[in-house]
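**Student:** I'm passing along target-v6.txt; it holds compact mmCIF, C-alpha atoms.
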# COMPACT_ATOMS: atom_id res chain seq x y z
CA MET A 21 104.85 100.22 44.60
CA ASP A 22 108.51 99.47 45.16
CA ILE A 23 110.29 99.78 48.45
CA LYS A 24 112.07 103.04 47.59
CA THR A 25 108.81 104.88 46.90
CA LEU A 26 107.37 103.49 50.11
CA LEU A 27 110.36 104.70 52.14
CA GLU A 28 110.22 108.13 50.52
CA LEU A 29 106.54 108.45 51.39
CA MET A 30 107.23 107.29 54.93
CA PHE A 31 110.07 109.76 55.52
CA GLY A 32 108.07 112.56 53.91
CA LEU A 33 105.07 111.85 56.10
CA LEU A 34 107.27 111.68 59.22
CA THR A 35 108.88 115.02 58.34
CA VAL A 36 105.64 116.85 57.62
CA ALA A 37 103.67 115.40 60.55
CA SER A 38 106.35 116.18 63.13
CA ALA A 39 106.93 119.65 61.66
CA ILE A 40 103.20 120.36 62.02
CA TRP A 41 103.49 119.30 65.67
CA VAL A 42 106.52 121.60 66.11
CA ALA A 43 104.53 124.55 64.80
CA PHE A 44 101.28 123.91 66.67
CA THR A 45 101.86 122.10 69.96
CA PRO A 46 101.36 124.30 73.02
CA LYS A 47 104.10 122.47 74.96
CA LEU A 48 107.65 123.67 74.41
CA LEU A 49 109.42 120.39 75.20
CA HIS A 50 107.05 118.50 72.91
CA ALA A 51 108.02 120.89 70.12
CA GLY A 52 111.70 120.24 70.87
CA PHE A 53 111.39 116.48 70.78
CA SER A 54 109.14 116.63 67.72
CA LEU A 55 111.90 118.57 65.98
CA LEU A 56 114.06 115.45 66.45
CA PHE A 57 111.72 113.47 64.20
CA THR A 58 111.63 116.28 61.63
CA PHE A 59 115.44 116.33 61.41
CA PHE A 60 115.51 112.55 61.22
CA GLY A 61 112.91 112.50 58.45
CA VAL A 62 114.87 115.07 56.46
CA ALA A 63 118.02 112.94 56.91
CA GLY A 64 116.07 109.99 55.50
CA LEU A 65 114.99 112.06 52.52
CA TYR A 66 118.66 112.98 51.93
CA VAL A 67 119.51 109.28 51.80
CA MET A 68 116.69 108.77 49.28
CA LEU A 69 118.21 111.57 47.18
CA GLY A 70 121.60 109.85 47.18
CA ALA A 71 123.25 112.29 49.60
CA ASP A 72 124.68 109.84 52.13
CA PHE A 73 127.34 112.14 53.59
CA LEU A 74 124.87 114.98 53.97
CA ALA A 75 122.47 112.68 55.82
CA ALA A 76 125.25 111.78 58.27
CA VAL A 77 126.09 115.48 58.73
CA GLN A 78 122.41 116.23 59.29
CA VAL A 79 122.16 113.64 62.07
CA LEU A 80 125.46 114.70 63.67
CA VAL A 81 125.06 118.48 63.54
CA TYR A 82 121.31 118.99 63.75
CA ILE A 83 120.28 116.19 66.08
CA GLY A 84 123.55 115.89 68.00
CA GLY A 85 124.36 119.58 68.15
CA ILE A 86 121.62 122.10 67.49
CA LEU A 87 118.76 120.11 69.00
CA VAL A 88 120.69 119.38 72.19
CA LEU A 89 121.59 123.08 72.38
CA LEU A 90 117.92 124.02 72.00
CA LEU A 91 116.84 121.56 74.70
CA PHE A 92 119.54 122.91 77.05
CA GLY A 93 118.29 126.38 76.23
CA ILE A 94 114.73 125.41 77.13
CA LEU A 95 115.78 123.93 80.46
CA LEU A 96 118.17 126.75 81.38
CA THR A 97 115.71 129.54 80.68
CA THR A 98 112.87 128.19 82.77
CA ALA A 99 112.43 128.54 86.50
CA MET A 100 112.36 124.80 86.74
CA PRO A 101 110.08 123.05 89.20
CA THR A 102 107.12 125.36 89.07
CA ALA A 103 107.04 126.87 85.62
CA GLU A 104 104.83 125.46 82.93
CA LEU A 105 106.79 124.83 79.77
CA THR A 106 104.22 126.22 77.44
CA VAL A 107 104.55 128.23 74.30
CA GLY A 108 102.41 131.28 74.11
CA GLY A 109 100.88 131.84 70.72
CA THR A 110 99.57 135.13 69.46
CA ARG A 111 97.53 135.98 66.40
CA ARG A 112 96.93 132.36 65.46
CA GLY A 113 94.23 133.19 62.92
CA GLN A 114 96.22 135.83 61.08
CA GLY A 115 99.31 133.62 61.11
CA LEU A 116 97.37 130.67 59.72
CA ALA A 117 95.86 132.82 56.96
CA LEU A 118 99.32 134.12 56.04
CA GLY A 119 100.70 130.58 56.04
CA MET A 120 97.93 129.27 53.78
CA LEU A 121 98.50 132.14 51.37
CA LEU A 122 102.25 131.49 51.32
CA LEU A 123 101.75 127.73 50.85
CA GLY A 124 99.34 128.31 47.97
CA LEU A 125 101.82 130.65 46.30
CA LEU A 126 104.72 128.21 46.72
CA LEU A 127 102.72 125.21 45.45
CA LEU A 128 101.57 127.26 42.46
CA ALA A 129 105.20 128.08 41.70
CA VAL A 130 106.31 124.46 42.18
CA PHE A 131 103.73 123.01 39.81
CA ARG A 132 103.58 125.79 37.21
CA ALA A 133 107.30 126.31 36.67
CA GLY A 134 108.96 124.25 33.95
CA TRP A 135 111.92 122.71 35.74
CA PRO A 136 114.69 121.47 33.44
CA LEU A 137 114.46 117.88 34.62
CA SER A 138 117.17 115.34 33.98
CA MET A 139 118.38 112.46 36.10
CA ASN A 140 122.12 112.44 36.63
CA ALA A 141 123.98 109.24 37.24
CA LEU A 142 124.57 109.07 40.98
CA PRO A 143 128.09 108.61 42.29
CA GLU A 144 128.60 105.56 44.51
CA THR A 145 129.58 107.61 47.53
CA THR A 146 129.62 111.36 47.87
CA ALA A 147 132.00 111.84 50.80
CA SER A 148 135.23 111.68 48.80
CA ASP A 149 133.92 114.02 46.08
CA ILE A 150 132.75 116.52 48.70
CA GLY A 151 136.09 116.32 50.51
CA LYS A 152 138.04 116.91 47.31
CA GLY A 153 135.72 119.78 46.42
CA PHE A 154 136.35 121.43 49.79
CA MET A 155 140.11 121.26 49.24
CA THR A 156 139.99 122.55 45.65
CA THR A 157 136.92 124.29 44.21
CA TRP A 158 135.35 125.50 47.45
CA LEU A 159 138.54 126.18 49.42
CA LEU A 160 137.80 129.87 50.03
CA PRO A 161 134.22 129.38 51.33
CA PHE A 162 135.51 126.50 53.44
CA GLU A 163 138.10 128.73 55.15
CA VAL A 164 135.61 131.58 55.54
CA ALA A 165 133.19 129.14 57.18
CA SER A 166 135.88 128.05 59.64
CA ILE A 167 136.59 131.67 60.58
CA LEU A 168 132.85 132.27 60.95
CA LEU A 169 132.52 129.28 63.27
CA LEU A 170 135.44 130.52 65.38
CA GLY A 171 133.87 133.95 65.56
CA ALA A 172 130.47 132.55 66.48
CA MET A 173 132.02 130.38 69.20
CA LEU A 174 133.93 133.30 70.75
CA GLY A 175 130.91 135.57 70.40
CA ALA A 176 128.60 133.08 72.09
CA LEU A 177 131.07 132.58 74.96
CA HIS A 178 131.46 136.33 75.36
CA LEU A 179 127.71 136.96 75.40
CA ALA A 180 127.05 134.19 77.89
CA ARG A 181 129.90 135.26 80.20
CA ARG A 182 129.15 138.97 80.31
CA ALA A 183 125.73 138.30 81.70
CA GLY A 184 127.22 136.18 84.48
CA GLU A 185 129.57 138.97 85.55
CA ASP A 186 126.76 141.46 85.80
CA GLN A 187 125.18 139.64 88.70
CA MET B 225 109.47 109.94 43.29
CA SER B 226 109.80 113.10 41.26
CA LEU B 227 111.24 116.50 42.01
CA HIS B 228 107.77 117.78 42.87
CA PHE B 229 107.42 115.47 45.87
CA TYR B 230 110.52 116.98 47.49
CA LEU B 231 109.62 120.53 46.52
CA VAL B 232 106.16 120.15 48.11
CA ILE B 233 107.70 118.82 51.33
CA GLY B 234 110.17 121.72 51.25
CA ALA B 235 107.33 124.21 50.77
CA ILE B 236 105.33 122.73 53.66
CA LEU B 237 108.36 122.83 55.97
CA PHE B 238 109.06 126.43 54.97
CA VAL B 239 105.49 127.53 55.67
CA LEU B 240 105.41 125.75 59.03
CA GLY B 241 108.70 127.43 59.97
CA ILE B 242 107.39 130.87 59.02
CA LEU B 243 104.18 130.09 60.93
CA SER B 244 106.07 129.26 64.12
CA MET B 245 108.20 132.39 63.74
CA VAL B 246 105.10 134.55 63.31
CA THR B 247 102.82 133.10 65.98
CA ARG B 248 105.17 131.95 68.76
CA ARG B 249 106.19 134.27 71.57
CA ASN B 250 108.80 132.06 73.23
CA ALA B 251 112.24 132.87 71.84
CA ILE B 252 113.35 129.24 71.65
CA ALA B 253 110.20 128.14 69.80
CA LEU B 254 110.99 130.96 67.39
CA LEU B 255 114.47 129.50 66.86
CA MET B 256 112.88 126.14 66.08
CA GLY B 257 110.94 127.87 63.31
CA VAL B 258 114.21 129.20 61.89
CA GLU B 259 115.67 125.69 61.88
CA LEU B 260 112.62 124.40 59.98
CA VAL B 261 113.06 127.08 57.32
CA LEU B 262 116.77 126.27 56.93
CA ASN B 263 115.98 122.56 56.63
CA SER B 264 113.46 123.24 53.88
CA ALA B 265 116.05 125.27 51.97
CA ASN B 266 118.55 122.41 52.32
CA LEU B 267 116.02 119.88 51.07
CA ASN B 268 115.30 122.02 48.01
CA PHE B 269 119.01 122.39 47.22
CA VAL B 270 119.62 118.64 47.39
CA ALA B 271 116.49 117.83 45.38
CA PHE B 272 117.39 120.30 42.63
CA ALA B 273 120.93 118.95 42.52
CA ARG B 274 119.55 115.43 42.10
CA PHE B 275 116.85 116.05 39.51
CA THR B 276 118.22 118.83 37.29
CA GLN B 277 121.28 119.46 35.19
CA ALA B 278 123.54 120.56 38.04
CA LYS B 279 126.21 118.25 39.40
CA PRO B 280 124.82 116.35 42.41
CA ILE B 281 127.76 117.40 44.59
CA GLU B 282 127.27 121.14 44.18
CA GLY B 283 123.87 121.28 45.83
CA GLN B 284 125.08 119.09 48.67
CA VAL B 285 128.09 121.35 49.33
CA MET B 286 125.71 124.32 49.46
CA SER B 287 123.61 122.43 52.00
CA ILE B 288 126.67 121.71 54.14
CA PHE B 289 127.50 125.41 54.23
CA ILE B 290 123.91 126.16 55.26
CA ILE B 291 124.22 123.61 58.08
CA ILE B 292 127.43 125.33 59.23
CA LEU B 293 125.63 128.69 59.27
CA ALA B 294 122.68 127.16 61.14
CA ALA B 295 125.00 125.81 63.83
CA ALA B 296 126.71 129.19 64.28
CA GLU B 297 123.35 130.96 64.31
CA ALA B 298 121.88 128.62 66.91
CA ALA B 299 124.88 129.05 69.25
CA VAL B 300 124.87 132.86 69.10
CA ALA B 301 121.09 133.14 69.28
CA LEU B 302 120.94 130.89 72.35
CA ALA B 303 123.65 132.97 74.04
CA ILE B 304 121.52 136.06 73.39
CA VAL B 305 118.43 134.26 74.74
CA MET B 306 120.32 133.30 77.90
CA ASN B 307 121.38 136.93 78.30
CA LEU B 308 117.79 138.06 77.85
CA TYR B 309 116.64 135.54 80.45
CA ARG B 310 119.19 136.79 82.99
CA GLN B 311 118.11 140.38 82.47
CA GLN B 312 114.35 139.93 82.28
CA ARG B 313 113.65 136.51 83.88
CA SER B 314 111.58 135.73 80.80
CA ILE B 315 112.20 134.87 77.18
CA GLN B 316 108.83 135.92 75.80
CA VAL B 317 109.88 138.09 72.89
CA ASP B 318 107.03 140.59 73.28
CA GLU B 319 108.10 141.33 76.86
CA ALA B 320 111.60 142.32 75.74
CA HIS B 321 111.02 145.98 74.98
CA GLU B 322 113.86 147.63 76.87
CA LEU B 323 115.61 148.70 73.69
CA GLN B 324 112.49 150.24 72.22
CA GLY B 325 113.13 153.89 71.35
Write out the structure in this file as structure tokens.
**Tutor:**
Amino acid sequence: MDIKTLLELMFGLLTVASAIWVAFTPKLLHAGFSLLFTFFGVAGLYVMLGADFLAAVQVLVYIGGILVLLLFGILLTTAMPTAELTVGGTRRGQGLALGMLLLGLLLLAVFRAGWPLSMNALPETTASDIGKGFMTTWLLPFEVASILLLGAMLGALHLARRAGEDQ
Amino acid sequence: MSLHFYLVIGAILFVLGILSMVTRRNAIALLMGVELVLNSANLNFVAFARFTQAKPIEGQVMSIFIIILAAAEAAVALAIVMNLYRQQRSIQVDEAHELQG
């Protein structure tokens, strides 16, 4: 077994194990910190797939941005010193049955479908190609995404501020 | 490793995300489930771009747009959760029934 296969297995195991902990732990902060390892494992899998720039974006945006936002959210929405940071779960049995059904369906689809496999030659680095693509082929979605981000930022500020004025 | 390895990991992540969305009552744990689902979609895009006929860059650009959407979604959703907390002193989603008709 060469080192690449070993690393892929390791990152895959890290991703799946920590995602299972995210879905099943009763403690909210544990779920948050476990999500860190899931995002990191997925970033490792991106590297194994030859997507170096995407792995960097994953670490920057997901771990540096979204995860910190979620942790702030957890701490800000809890009456701190006394409250137990637990996650209530309802209908565990039904949810688990639904999940197993869905997983079986997906795995059936994955292994039965005839994917048109072919290995492309990987580019040395992807960042320059992606940057050129954003300025040429995907210019319109790029600009729309920037407007969306501006709108989301203003909307989030507005929502958070309105509540403060009500008090 | 083949395409199937990544697709299986993507499927497991997706199911775990759906599971946390269905069974959790805390709004932020629910958001974590959404992030898991988006990550599984990203992983599938990149794996397909690597192992099939498509150009490798195209799937990665799609994933970057999904990450942008996830960031916007997380910011707005957390602002709504904060609002809910200020109004109800709780972010258990089954206790938020003020808008029920």
**Student:** Could you name the residues that touch Asp318 of chain B at 9 Å or less, counting only C-alpha atoms, but leaving out those on the same chain fewer than 2 positions away, as a PyMOL selection string?
**Tutor:** chain B and resi 249-250+315-316+320-321
**Student:** Please find the residues of chain A near chain B - the criterion being any atom within 7 Å, counting all atoms listed in the file - and write them as a ChimeraX atom specification.
**Tutor:** /A:25,32,36,39-40,43,48,69,74,86,90,93-94,97,107-112,115-116,119,122-123,126-127,130,136-140,150,169,172,175-176,179-180,183
**Student:** Hey, can you pull every residue with an atom no more than 10 Å from (126.1, 114.8, 57.7), using all atoms listed in the file, and send it as an NGL selection string?
**Tutor:** (:A and (63 or 66 or 71-82 or 147)) or (:B and (287-288 or 291))
**Student:** Expressed in Å to a single decimal, how great is the separation between atom CA of Val42 of chain A and atom CA of Met173 of chain A?
**Tutor:**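 Taking atom CA of Val42 of chain A and atom CA of Met173 of chain A, their separation equals 27.1 Å.
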**Student:** Please indicate the distance in Å from atom CA of Leu95 of chain A to atom CA of Gly64 of chain A, rounded to one decimal place.
**Tutor:**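 Value for the atom CA of Leu95 of chain A-atom CA of Gly64 of chain A distance: 28.6 Å.
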**Student:** Please report the interatomic distance between atom CA of Met30 of chain A and atom CA of Val67 of chain A in Å with one decimal.
**Tutor:**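 Atom CA of Val67 of chain A lies at a distance of 12.8 Å from atom CA of Met30 of chain A.
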**Student:** Atoms are missing here; could segment 41-69 of chain A be completed with N, CA and C atoms and written as a PDB file, in the frame of the given file?
**Tutor:**
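Output below, filename part.pdb:
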ATOM      1  N   TRP A  41     103.544 119.324  64.206  1.00  0.00           N
ATOM      2  CA  TRP A  41     103.490 119.300  65.670  1.00  0.00           C
ATOM      3  C   TRP A  41     104.408 120.359  66.252  1.00  0.00           C
ATOM      4  N   VAL A  42     105.596 120.564  65.634  1.00  0.00           N
ATOM      5  CA  VAL A  42     106.520 121.600  66.110  1.00  0.00           C
ATOM      6  C   VAL A  42     105.835 122.964  66.057  1.00  0.00           C
ATOM      7  N   ALA A  43     105.093 123.214  64.982  1.00  0.00           N
ATOM      8  CA  ALA A  43     104.530 124.550  64.800  1.00  0.00           C
ATOM      9  C   ALA A  43     103.286 124.770  65.646  1.00  0.00           C
ATOM     10  N   PHE A  44     102.592 123.691  66.052  1.00  0.00           N
ATOM     11  CA  PHE A  44     101.280 123.910  66.670  1.00  0.00           C
ATOM     12  C   PHE A  44     101.133 123.421  68.099  1.00  0.00           C
ATOM     13  N   THR A  45     102.055 122.596  68.611  1.00  0.00           N
ATOM     14  CA  THR A  45     101.860 122.100  69.960  1.00  0.00           C
ATOM     15  C   THR A  45     102.015 123.233  70.970  1.00  0.00           C
ATOM     16  N   PRO A  46     101.192 123.250  72.011  1.00  0.00           N
ATOM     17  CA  PRO A  46     101.360 124.300  73.020  1.00  0.00           C
ATOM     18  C   PRO A  46     102.521 124.024  73.980  1.00  0.00           C
ATOM     19  N   LYS A  47     103.056 122.794  73.988  1.00  0.00           N
ATOM     20  CA  LYS A  47     104.100 122.470  74.960  1.00  0.00           C
ATOM     21  C   LYS A  47     105.478 122.588  74.330  1.00  0.00           C
ATOM     22  N   LEU A  48     106.352 123.351  74.995  1.00  0.00           N
ATOM     23  CA  LEU A  48     107.650 123.670  74.410  1.00  0.00           C
ATOM     24  C   LEU A  48     108.527 122.437  74.261  1.00  0.00           C
ATOM     25  N   LEU A  49     108.554 121.570  75.294  1.00  0.00           N
ATOM     26  CA  LEU A  49     109.420 120.390  75.200  1.00  0.00           C
ATOM     27  C   LEU A  49     108.916 119.424  74.134  1.00  0.00           C
ATOM     28  N   HIS A  50     107.591 119.346  73.982  1.00  0.00           N
ATOM     29  CA  HIS A  50     107.050 118.500  72.910  1.00  0.00           C
ATOM     30  C   HIS A  50     107.537 118.994  71.557  1.00  0.00           C
ATOM     31  N   ALA A  51     107.539 120.329  71.379  1.00  0.00           N
ATOM     32  CA  ALA A  51     108.020 120.890  70.120  1.00  0.00           C
ATOM     33  C   ALA A  51     109.478 120.507  69.906  1.00  0.00           C
ATOM     34  N   GLY A  52     110.284 120.584  70.984  1.00  0.00           N
ATOM     35  CA  GLY A  52     111.700 120.240  70.870  1.00  0.00           C
ATOM     36  C   GLY A  52     111.902 118.801  70.450  1.00  0.00           C
ATOM     37  N   PHE A  53     111.186 117.884  71.119  1.00  0.00           N
ATOM     38  CA  PHE A  53     111.390 116.480  70.780  1.00  0.00           C
ATOM     39  C   PHE A  53     110.767 116.137  69.427  1.00  0.00           C
ATOM     40  N   SER A  54     109.727 116.862  69.034  1.00  0.00           N
ATOM     41  CA  SER A  54     109.140 116.630  67.720  1.00  0.00           C
ATOM     42  C   SER A  54     110.104 117.066  66.621  1.00  0.00           C
ATOM     43  N   LEU A  55     110.904 118.098  66.940  1.00  0.00           N
ATOM     44  CA  LEU A  55     111.900 118.570  65.980  1.00  0.00           C
ATOM     45  C   LEU A  55     112.917 117.461  65.673  1.00  0.00           C
ATOM     46  N   LEU A  56     113.170 116.598  66.675  1.00  0.00           N
ATOM     47  CA  LEU A  56     114.060 115.450  66.450  1.00  0.00           C
ATOM     48  C   LEU A  56     113.569 114.601  65.289  1.00  0.00           C
ATOM     49  N   PHE A  57     112.259 114.315  65.263  1.00  0.00           N
ATOM     50  CA  PHE A  57     111.720 113.470  64.200  1.00  0.00           C
ATOM     51  C   PHE A  57     111.748 114.200  62.856  1.00  0.00           C
ATOM     52  N   THR A  58     111.540 115.530  62.886  1.00  0.00           N
ATOM     53  CA  THR A  58     111.630 116.280  61.630  1.00  0.00           C
ATOM     54  C   THR A  58     113.034 116.166  61.053  1.00  0.00           C
ATOM     55  N   PHE A  59     114.054 116.403  61.904  1.00  0.00           N
ATOM     56  CA  PHE A  59     115.440 116.330  61.410  1.00  0.00           C
ATOM     57  C   PHE A  59     115.746 114.925  60.917  1.00  0.00           C
ATOM     58  N   PHE A  60     115.252 113.927  61.632  1.00  0.00           N
ATOM     59  CA  PHE A  60     115.510 112.550  61.220  1.00  0.00           C
ATOM     60  C   PHE A  60     114.840 112.240  59.880  1.00  0.00           C
ATOM     61  N   GLY A  61     113.605 112.720  59.716  1.00  0.00           N
ATOM     62  CA  GLY A  61     112.910 112.500  58.450  1.00  0.00           C
ATOM     63  C   GLY A  61     113.629 113.160  57.290  1.00  0.00           C
ATOM     64  N   VAL A  62     114.142 114.379  57.527  1.00  0.00           N
ATOM     65  CA  VAL A  62     114.870 115.070  56.460  1.00  0.00           C
ATOM     66  C   VAL A  62     116.155 114.304  56.138  1.00  0.00           C
ATOM     67  N   ALA A  63     116.814 113.751  57.166  1.00  0.00           N
ATOM     68  CA  ALA A  63     118.020 112.940  56.910  1.00  0.00           C
ATOM     69  C   ALA A  63     117.660 111.729  56.046  1.00  0.00           C
ATOM     70  N   GLY A  64     116.510 111.111  56.321  1.00  0.00           N
ATOM     71  CA  GLY A  64     116.070 109.990  55.500  1.00  0.00           C
ATOM     72  C   GLY A  64     115.829 110.396  54.060  1.00  0.00           C
ATOM     73  N   LEU A  65     115.232 111.581  53.888  1.00  0.00           N
ATOM     74  CA  LEU A  65     114.990 112.060  52.520  1.00  0.00           C
ATOM     75  C   LEU A  65     116.318 112.320  51.801  1.00  0.00           C
ATOM     76  N   TYR A  66     117.333 112.799  52.546  1.00  0.00           N
ATOM     77  CA  TYR A  66     118.660 112.980  51.930  1.00  0.00           C
ATOM     78  C   TYR A  66     119.201 111.644  51.433  1.00  0.00           C
ATOM     79  N   VAL A  67     119.036 110.599  52.234  1.00  0.00           N
ATOM     80  CA  VAL A  67     119.510 109.280  51.800  1.00  0.00           C
ATOM     81  C   VAL A  67     118.789 108.869  50.518  1.00  0.00           C
ATOM     82  N   MET A  68     117.456 109.128  50.462  1.00  0.00           N
ATOM     83  CA  MET A  68     116.690 108.770  49.280  1.00  0.00           C
ATOM     84  C   MET A  68     117.143 109.558  48.057  1.00  0.00           C
ATOM     85  N   LEU A  69     117.715 110.755  48.288  1.00  0.00           N
ATOM     86  CA  LEU A  69     118.210 111.570  47.180  1.00  0.00           C
ATOM     87  C   LEU A  69     119.659 111.246  46.849  1.00  0.00           C
TER      88      LEU A  69
END
